[in-house]
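Next up, protein_22.cif (mmCIF, C-alpha atoms (C1' of nucleotides)):
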```cif
data_entry
#
loop_
_atom_site.label_atom_id
_atom_site.label_comp_id
_atom_site.auth_asym_id
_atom_site.auth_seq_id
_atom_site.Cartn_x
_atom_site.Cartn_y
_atom_site.Cartn_z
CA MET A 17 0.60 12.85 36.88
CA TYR A 18 -1.12 11.11 34.01
CA THR A 19 -1.18 7.68 32.47
CA ILE A 20 -1.19 7.40 28.73
CA LYS A 21 -4.96 7.12 28.81
CA ASN A 22 -5.30 10.34 30.80
CA VAL A 23 -3.10 12.16 28.33
CA ALA A 24 -5.16 10.80 25.48
CA GLU A 25 -8.34 12.19 27.00
CA LYS A 26 -6.84 15.46 28.08
CA LEU A 27 -5.25 16.33 24.76
CA ASN A 28 -7.72 14.57 22.52
CA ILE A 29 -5.20 12.27 20.88
CA SER A 30 -5.89 8.56 20.57
CA GLU A 31 -4.08 6.25 22.94
CA HIS A 32 -2.92 4.28 19.95
CA THR A 33 -1.34 7.32 18.38
CA LEU A 34 0.38 8.24 21.63
CA ARG A 35 1.88 4.76 21.84
CA PHE A 36 2.85 5.00 18.20
CA TRP A 37 4.62 8.28 18.93
CA ALA A 38 6.21 6.81 22.03
CA LYS A 39 7.55 3.89 20.03
CA ASN A 40 9.01 6.36 17.57
CA GLY A 41 10.90 8.09 20.34
CA PHE A 42 8.73 11.18 20.65
CA PHE A 43 8.71 11.09 24.45
CA PRO A 44 12.24 10.16 25.46
CA PHE A 45 11.91 11.73 28.89
CA VAL A 46 8.78 10.04 30.19
CA LYS A 47 9.39 8.14 33.40
CA ARG A 48 7.92 4.77 34.29
CA ASN A 49 6.71 3.71 37.70
CA LYS A 50 7.79 0.43 39.27
CA ASN A 51 5.17 -1.41 37.20
CA ASN A 52 6.64 -0.08 34.00
CA ILE A 53 3.75 2.27 33.44
CA ARG A 54 4.41 5.58 31.71
CA ILE A 55 3.78 8.54 34.00
CA PHE A 56 3.43 11.92 32.33
CA GLU A 57 4.12 14.94 34.52
CA GLU A 58 2.44 18.29 34.01
CA ASN A 59 5.52 19.50 32.21
CA ASP A 60 5.48 16.48 29.91
CA LEU A 61 1.98 17.42 28.81
CA GLU A 62 3.34 20.67 27.44
CA TRP A 63 5.76 18.63 25.43
CA VAL A 64 3.04 16.41 24.03
CA LYS A 65 1.17 19.57 23.09
CA ILE A 66 4.15 20.78 21.11
CA VAL A 67 4.38 17.47 19.30
CA LYS A 68 0.68 17.64 18.54
CA CYS A 69 1.10 21.20 17.37
CA LEU A 70 3.96 20.40 15.03
CA ARG A 71 2.13 17.42 13.58
CA SER A 72 -1.16 19.22 13.16
CA VAL A 73 0.58 21.93 11.23
CA GLY A 74 1.85 19.39 8.75
CA LEU A 75 5.39 18.79 9.92
CA ASP A 76 6.24 15.17 9.17
CA ASN A 77 7.28 12.71 11.82
CA LYS A 78 10.86 12.73 10.63
CA SER A 79 11.17 16.45 11.28
CA VAL A 80 9.44 16.17 14.63
CA LYS A 81 12.01 13.55 15.50
CA LYS A 82 14.76 15.88 14.41
CA TYR A 83 13.43 18.60 16.69
CA ILE A 84 13.38 16.14 19.57
CA GLU A 85 16.92 15.11 18.86
CA TYR A 86 17.98 18.74 18.97
CA CYS A 87 16.35 19.00 22.38
CA ILE A 88 18.22 15.93 23.58
CA GLU A 89 21.46 17.41 22.37
CA GLY A 90 20.93 20.35 24.68
CA ASP A 91 21.40 24.08 24.62
CA SER A 92 23.89 24.05 21.79
CA THR A 93 21.03 23.43 19.36
CA ILE A 94 18.80 26.28 20.41
CA SER A 95 19.29 28.28 17.26
CA LYS A 96 18.55 25.20 15.15
CA ARG A 97 15.34 24.74 17.08
CA TYR A 98 14.52 28.40 16.67
CA LYS A 99 14.94 28.08 12.93
CA LEU A 100 12.82 24.94 12.72
CA ILE A 101 10.00 26.50 14.72
CA LYS A 102 10.17 29.70 12.74
CA GLU A 103 10.01 27.92 9.40
CA THR A 104 7.17 25.78 10.62
CA LYS A 105 5.30 28.86 11.72
CA THR A 106 5.79 30.45 8.32
CA LYS A 107 4.37 27.39 6.61
CA ALA A 108 1.47 27.34 9.03
CA GLU A 109 0.70 30.95 8.23
CA LEU A 110 0.62 30.11 4.55
CA GLN A 111 -1.78 27.29 5.30
CA LEU A 112 -3.90 29.72 7.23
CA SER A 113 -4.27 32.15 4.37
CA GLU A 114 -4.92 29.30 1.98
CA LEU A 115 -7.60 27.97 4.29
CA GLN A 116 -9.18 31.41 4.50
CA LYS A 117 -9.36 31.54 0.73
CA GLN A 118 -11.01 28.16 0.56
CA ILE A 119 -13.52 29.16 3.20
CA GLN A 120 -14.41 32.19 1.12
CA LEU A 121 -15.06 29.93 -1.85
CA LEU A 122 -17.21 27.63 0.26
CA ASN A 123 -19.06 30.64 1.51
CA TYR A 124 -19.69 31.86 -2.00
CA LYS A 125 -21.04 28.43 -2.94
CA GLU A 126 -23.18 28.28 0.14
CA GLU A 127 -24.76 31.60 -0.66
CA TYR A 128 -25.21 30.64 -4.27
CA TYR A 129 -27.14 27.51 -3.31
CA MET A 130 -29.09 29.47 -0.75
CA LYS A 131 -30.23 31.91 -3.41
CA LEU A 132 -31.20 29.08 -5.74
CA ILE A 133 -33.28 27.52 -3.00
CA ASN A 134 -35.04 30.77 -2.23
CA SER A 135 -35.65 31.80 -5.81
CA HIS A 136 -36.43 28.34 -7.22
CA ALA A 137 -34.08 29.20 -10.05
CA LYS A 138 -32.06 26.76 -12.09
CA ASP A 139 -28.46 25.95 -11.30
CA THR A 140 -26.73 27.44 -14.31
CA TRP A 141 -23.27 26.82 -12.97
CA ASN A 142 -23.47 23.04 -12.87
CA PRO A 143 -21.76 21.85 -16.07
CA MET A 144 -23.77 18.65 -15.93
CA ASN A 145 -27.11 20.39 -16.04
CA LYS A 146 -28.85 19.98 -19.35
CA LYS A 147 -28.90 23.39 -20.99
CA MET B 4 -9.35 25.36 -23.41
CA TYR B 5 -6.79 23.43 -21.43
CA THR B 6 -5.16 20.03 -21.55
CA ILE B 7 -4.66 18.18 -18.33
CA LYS B 8 -1.13 19.54 -18.15
CA ASN B 9 -2.34 23.12 -18.50
CA VAL B 10 -4.82 22.59 -15.70
CA ALA B 11 -2.10 21.09 -13.54
CA GLU B 12 0.05 24.18 -14.01
CA LYS B 13 -2.76 26.66 -13.67
CA LEU B 14 -4.21 25.24 -10.46
CA ASN B 15 -1.03 23.86 -9.00
CA ILE B 16 -2.20 20.28 -8.79
CA SER B 17 -0.02 17.45 -10.09
CA GLU B 18 -0.97 15.93 -13.41
CA HIS B 19 -0.92 12.57 -11.71
CA THR B 20 -3.45 13.65 -9.12
CA LEU B 21 -5.71 15.09 -11.79
CA ARG B 22 -5.66 11.79 -13.65
CA PHE B 23 -6.28 9.99 -10.40
CA TRP B 24 -9.29 12.19 -9.77
CA ALA B 25 -10.46 11.75 -13.34
CA LYS B 26 -10.30 7.99 -12.98
CA ASN B 27 -12.37 8.28 -9.84
CA GLY B 28 -15.08 10.11 -11.71
CA PHE B 29 -14.40 13.61 -10.43
CA PHE B 30 -14.71 15.22 -13.86
CA PRO B 31 -17.66 13.46 -15.49
CA PHE B 32 -18.34 16.35 -17.83
CA VAL B 33 -14.95 16.86 -19.43
CA LYS B 34 -15.05 16.49 -23.20
CA ARG B 35 -12.44 14.78 -25.35
CA ASN B 36 -11.25 15.89 -28.74
CA LYS B 37 -11.05 13.52 -31.66
CA ASN B 38 -7.71 12.20 -30.39
CA ASN B 39 -9.26 11.27 -27.07
CA ILE B 40 -7.54 14.10 -25.27
CA ARG B 41 -9.31 15.74 -22.34
CA ILE B 42 -10.17 19.35 -23.03
CA PHE B 43 -11.07 21.48 -20.00
CA GLU B 44 -13.15 24.57 -20.70
CA GLU B 45 -12.93 27.71 -18.62
CA ASN B 46 -16.04 26.63 -16.77
CA ASP B 47 -14.55 23.23 -16.03
CA LEU B 48 -11.64 24.93 -14.31
CA GLU B 49 -14.04 26.38 -11.78
CA TRP B 50 -15.21 22.87 -11.13
CA VAL B 51 -11.69 21.60 -10.57
CA LYS B 52 -11.19 24.48 -8.17
CA ILE B 53 -14.17 23.36 -6.14
CA VAL B 54 -12.83 19.83 -6.00
CA LYS B 55 -9.48 21.14 -4.89
CA CYS B 56 -11.18 23.29 -2.31
CA LEU B 57 -13.23 20.45 -0.85
CA ARG B 58 -10.19 18.19 -0.71
CA SER B 59 -7.89 20.77 0.79
CA VAL B 60 -10.38 21.38 3.54
CA GLY B 61 -10.24 17.74 4.49
CA LEU B 62 -13.34 16.34 2.85
CA ASP B 63 -12.57 12.77 1.83
CA ASN B 64 -12.78 11.55 -1.73
CA LYS B 65 -15.92 9.59 -1.02
CA SER B 66 -17.78 12.72 0.02
CA VAL B 67 -16.44 14.68 -2.92
CA LYS B 68 -17.81 11.91 -5.11
CA LYS B 69 -21.14 12.18 -3.36
CA TYR B 70 -21.27 15.89 -4.07
CA ILE B 71 -20.53 15.21 -7.72
CA GLU B 72 -23.26 12.63 -7.88
CA TYR B 73 -25.69 15.15 -6.47
CA CYS B 74 -24.67 17.52 -9.24
CA ILE B 75 -25.24 14.84 -11.85
CA GLU B 76 -28.67 14.16 -10.43
CA GLY B 77 -29.60 17.74 -11.13
CA ASP B 78 -31.55 20.53 -9.48
CA SER B 79 -33.51 18.24 -7.19
CA THR B 80 -30.40 17.84 -5.03
CA ILE B 81 -29.63 21.50 -4.50
CA SER B 82 -30.58 21.48 -0.84
CA LYS B 83 -28.42 18.41 -0.25
CA ARG B 84 -25.52 20.20 -1.87
CA TYR B 85 -26.22 23.28 0.18
CA LYS B 86 -26.10 21.19 3.34
CA LEU B 87 -22.87 19.47 2.34
CA ILE B 88 -21.15 22.74 1.54
CA LYS B 89 -22.41 24.36 4.69
CA GLU B 90 -21.20 21.53 6.91
CA THR B 91 -17.88 21.50 5.14
CA LYS B 92 -17.54 25.21 5.71
CA THR B 93 -18.29 24.78 9.40
CA LYS B 94 -15.59 22.15 9.70
CA ALA B 95 -13.18 24.35 7.81
CA GLU B 96 -13.85 27.20 10.20
CA LEU B 97 -13.08 24.92 13.12
CA GLN B 98 -9.82 23.98 11.43
CA LEU B 99 -9.08 27.63 11.00
CA SER B 100 -9.43 28.45 14.66
CA GLU B 101 -7.45 25.35 15.59
CA LEU B 102 -4.71 26.43 13.21
CA GLN B 103 -4.70 29.90 14.71
CA LYS B 104 -4.20 28.39 18.14
CA GLN B 105 -1.31 26.29 16.95
CA ILE B 106 0.30 29.28 15.30
CA GLN B 107 0.08 31.14 18.59
CA LEU B 108 1.88 28.29 20.29
CA LEU B 109 4.56 28.27 17.61
CA ASN B 110 4.90 31.96 18.00
CA TYR B 111 5.31 31.63 21.73
CA LYS B 112 8.03 29.02 21.20
CA GLU B 113 9.74 31.14 18.61
CA GLU B 114 9.88 34.09 20.94
CA TYR B 115 11.05 31.90 23.79
CA TYR B 116 13.97 30.60 21.74
CA MET B 117 14.68 34.09 20.53
CA LYS B 118 15.00 35.32 24.08
CA LEU B 119 17.26 32.43 25.00
CA ILE B 120 19.51 33.24 22.10
CA ASN B 121 19.71 36.90 23.01
CA SER B 122 20.22 36.39 26.73
CA HIS B 123 22.44 33.32 26.53
CA ALA B 124 20.24 31.82 29.22
CA LYS B 125 19.58 28.13 29.75
CA ASP B 126 16.56 26.39 28.32
CA THR B 127 14.67 25.53 31.49
CA TRP B 128 11.65 24.23 29.64
CA ASN B 129 13.38 21.34 27.91
CA PRO B 130 12.62 18.28 30.08
CA MET B 131 15.74 16.58 28.76
CA ASN B 132 18.09 19.28 29.97
CA LYS B 133 20.17 18.19 32.91
CA LYS B 134 18.98 20.20 35.89
"C1'" DA C 18 10.82 7.80 -42.84
"C1'" DA C 19 12.43 8.32 -38.19
"C1'" DC C 20 12.16 10.77 -33.97
"C1'" DT C 21 10.44 13.45 -30.33
"C1'" DT C 22 6.68 15.17 -27.72
"C1'" DG C 23 2.36 15.07 -25.45
"C1'" DC C 24 -1.40 12.86 -24.45
"C1'" DC C 25 -3.72 8.39 -23.45
"C1'" DT C 26 -4.29 3.72 -20.75
"C1'" DG C 27 -3.42 -0.02 -17.39
"C1'" DA C 28 -0.90 -2.20 -13.85
"C1'" DT C 29 1.76 -2.54 -9.93
"C1'" DA C 30 4.41 -1.07 -5.94
"C1'" DG C 31 5.62 2.25 -2.49
"C1'" DT C 32 4.62 5.97 0.98
"C1'" DA C 33 3.11 8.28 5.47
"C1'" DA C 34 0.87 8.09 9.51
"C1'" DC C 35 -1.95 6.16 11.45
"C1'" DT C 36 -5.91 2.63 12.78
"C1'" DG C 37 -7.69 -1.85 13.92
"C1'" DT C 38 -7.22 -6.13 15.84
"C1'" DC C 39 -5.29 -10.05 18.12
"C1'" DA C 40 -2.47 -12.29 21.44
"C1'" DG C 41 0.00 -12.63 25.58
"C1'" DG C 42 1.69 -10.79 30.06
"C1'" DC C 43 1.93 -8.42 34.65
"C1'" DA C 44 -0.24 -6.03 38.57
"C1'" DT C 45 -3.80 -3.83 41.13
"C1'" DT C 46 -8.56 -3.71 42.64
"C1'" DA C 47 -13.40 -5.53 43.41
"C1'" DT D 8 -11.19 -15.36 40.99
"C1'" DA D 9 -12.24 -12.16 37.75
"C1'" DA D 10 -12.17 -7.79 35.76
"C1'" DT D 11 -9.54 -3.74 34.66
"C1'" DG D 12 -5.70 -1.08 33.02
"C1'" DC D 13 -1.46 -0.86 31.57
"C1'" DC D 14 2.37 -3.03 28.91
"C1'" DT D 15 4.49 -5.31 24.47
"C1'" DG D 16 4.84 -7.16 19.73
"C1'" DA D 17 3.13 -8.23 15.39
"C1'" DC D 18 0.69 -7.68 11.35
"C1'" DA D 19 -3.13 -6.37 8.22
"C1'" DG D 20 -5.85 -2.49 6.52
"C1'" DT D 21 -6.77 2.44 5.23
"C1'" DT D 22 -6.50 6.86 2.49
"C1'" DA D 23 -4.88 9.46 -1.06
"C1'" DC D 24 -1.78 9.85 -3.34
"C1'" DT D 25 3.10 9.22 -5.74
"C1'" DA D 26 6.39 6.69 -8.50
"C1'" DT D 27 7.53 3.85 -12.09
"C1'" DC D 28 7.09 0.98 -16.10
"C1'" DA D 29 5.11 -0.41 -20.32
"C1'" DG D 30 2.66 0.18 -24.41
"C1'" DG D 31 -0.06 2.97 -27.79
"C1'" DC D 32 -1.73 6.74 -30.82
"C1'" DA D 33 -1.29 11.25 -33.18
"C1'" DA D 34 1.05 15.43 -34.59
"C1'" DG D 35 4.97 18.08 -35.57
"C1'" DT D 36 10.11 18.29 -36.52
"C1'" DT D 37 14.44 16.77 -38.78
#
```
Let me see the structure of the file written as structure tokens.
Amino acid sequence: MYTIKNVAEKLNISEHTLRFWAKNGFFPFVKRNKNNIRIFEENDLEWVKIVKCLRSVGLDNKSVKKYIEYCIEGDSTISKRYKLIKETKTKAELQLSELQKQIQLLNYKEEYYMKLINSHAKDTWNPMNKK
Amino acid sequence: MYTIKNVAEKLNISEHTLRFWAKNGFFPFVKRNKNNIRIFEENDLEWVKIVKCLRSVGLDNKSVKKYIEYCIEGDSTISKRYKLIKETKTKAELQLSELQKQIQLLNYKEEYYMKLINSHAKDTWNPMNKK
DNA sequence: AACTTGCCTGATAGTAACTGTCAGGCATTA
DNA sequence: TAATGCCTGACAGTTACTATCAGGCAAGTT
């Protein structure tokens, strides 16, 4: 059982963001204790993780909300949820390969600069370098 | 030799964004023809690619600008550039492993929904499902 | 000559998803 | 009694675009 602060620490999401998500209806199931304080159960944490996952993969808040609404609707929406997750995964995999490409480029640059440093040569790539 | 539109098409960046970057001093070397039109050389394209790379990896515009200013300063800043690229690469690699984790989670969810669909079982994970 | 197209500029407003900050309120704990 | 932790609401600020409008020049087409 976690307060919003505990969740924030545990999942490395700011408290502010969690409240922002809460206000946007991202945690419709979370119970409150008699003092009106949100209490997240272990199971709820898994849910927050999914939300974090969807967001971090670039799904916008509107679509996250849609997913949540499917969940509220119940088992009749399982295939819609399946589709949404699957499409999101496909996009994430594209991002992954794109990211790998960019890392390769960074690596190339890193090595290039490394060689320049070691050889005391001029940077002939830099278009701003006087010829 | 490319106009801004050609570059936009070739590198899949919107014309608007390229102009935005240009206004922010991201392409200090680009020449203009007699009609004041920006002409990107083959070499300049490589530069735009680097900018795109740095941005897509999450480096903010301020830091991109800093990198560019190092380049303008010339060979005396090579080790600073090396450091910047190296740190950026490290962050990108962290992103990569984070993304891989999230994809695993999506994959798990996808398979879970798949099984539900095939077995016509109830979704026991959904905290909103009536018990 | 008139028109369309492609490039240029500047200005302004809108967007998403936070992020920061203040103010006020209730309840538990020191 | 005071500090702490949670709650709420409101509103301004941020980043990096993105959209839209307006006006202008130059080259090619009709």
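The space separating CA of Phe43 (chain B) from CA of Thr6 (chain B) comes to 6.3 Å.
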Subject >> Distance filter 10 Å, all atoms listed in the file, chain D against chain B, as a ChimeraX atom specification >> reply: /D:22-26,32-33
Subject >> Selection under test: the PyMOL selection byres ((chain C) within 8 of (chain A)); residues as a list in words >> reply: DC35, DT36 and DA44 of chain C
Residue subset to file, keeping C-alpha atoms (C1' of nucleotides), as a compact mmCIF listing (two decimals), in the coordinates of the input:
```txt
# COMPACT_ATOMS: atom_id res chain seq x y z
C1' DC C 35 -1.95 6.16 11.45
C1' DT C 36 -5.91 2.63 12.78
C1' DA C 44 -0.24 -6.03 38.57
```
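Here the PyMOL selection byres ((chain B) within 6 of (chain A)) captures the residues Cys56, Ile75, Tyr85, Lys92, Gln105, Leu109, Glu113, Tyr116 and Met131 of chain B.
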**OP:** Could you give me, as a list in words, the residues within 8 Å of region 8-17 of chain D, counting all atoms listed in the file and dropping anything in the same chain fewer than 4 positions from it?
**Re:**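 Here the answer would be Asn52 and Ile53 of chain A; DG42 and DC43 of chain C.
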Original post:
If you apply the PyMOL selection byres ((chain C and resi 22) around 10) to this file, what residues do you get, as a VMD selection string?
Top reply: (chain C and resid 20 to 21 23 to 24) or (chain D and resid 34 to 36)
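Separating CA of Phe42 (chain A) from CA of Leu110 (chain A) is a distance of 26.1 Å.
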**OP:** State, in Å with one decimal place, the distance from CA of Gly41 (chain A) to CA of Lys118 (chain B).
**Re:**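 Straight-line distance from CA of Gly41 (chain A) to CA of Lys118 (chain B) works out to 27.8 Å.
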Subject >> Exercise: DG30 (chain D) partners within 12 Å, only C-alpha atoms (C1' of nucleotides), chain neighbours under 6 positions left out, as a ChimeraX atom specification >> reply: /C:25-28
As lines of an AutoDock Vina configuration file, what would the box around region 40-46 of chain C look like: edges along x, y and z, 3 Å added on every side, centre and edge lengths in Å to one decimal?
```
center_x = -3.3
center_y = -8.2
center_z = 32.0
size_x = 16.5
size_y = 14.9
size_z = 27.2
```
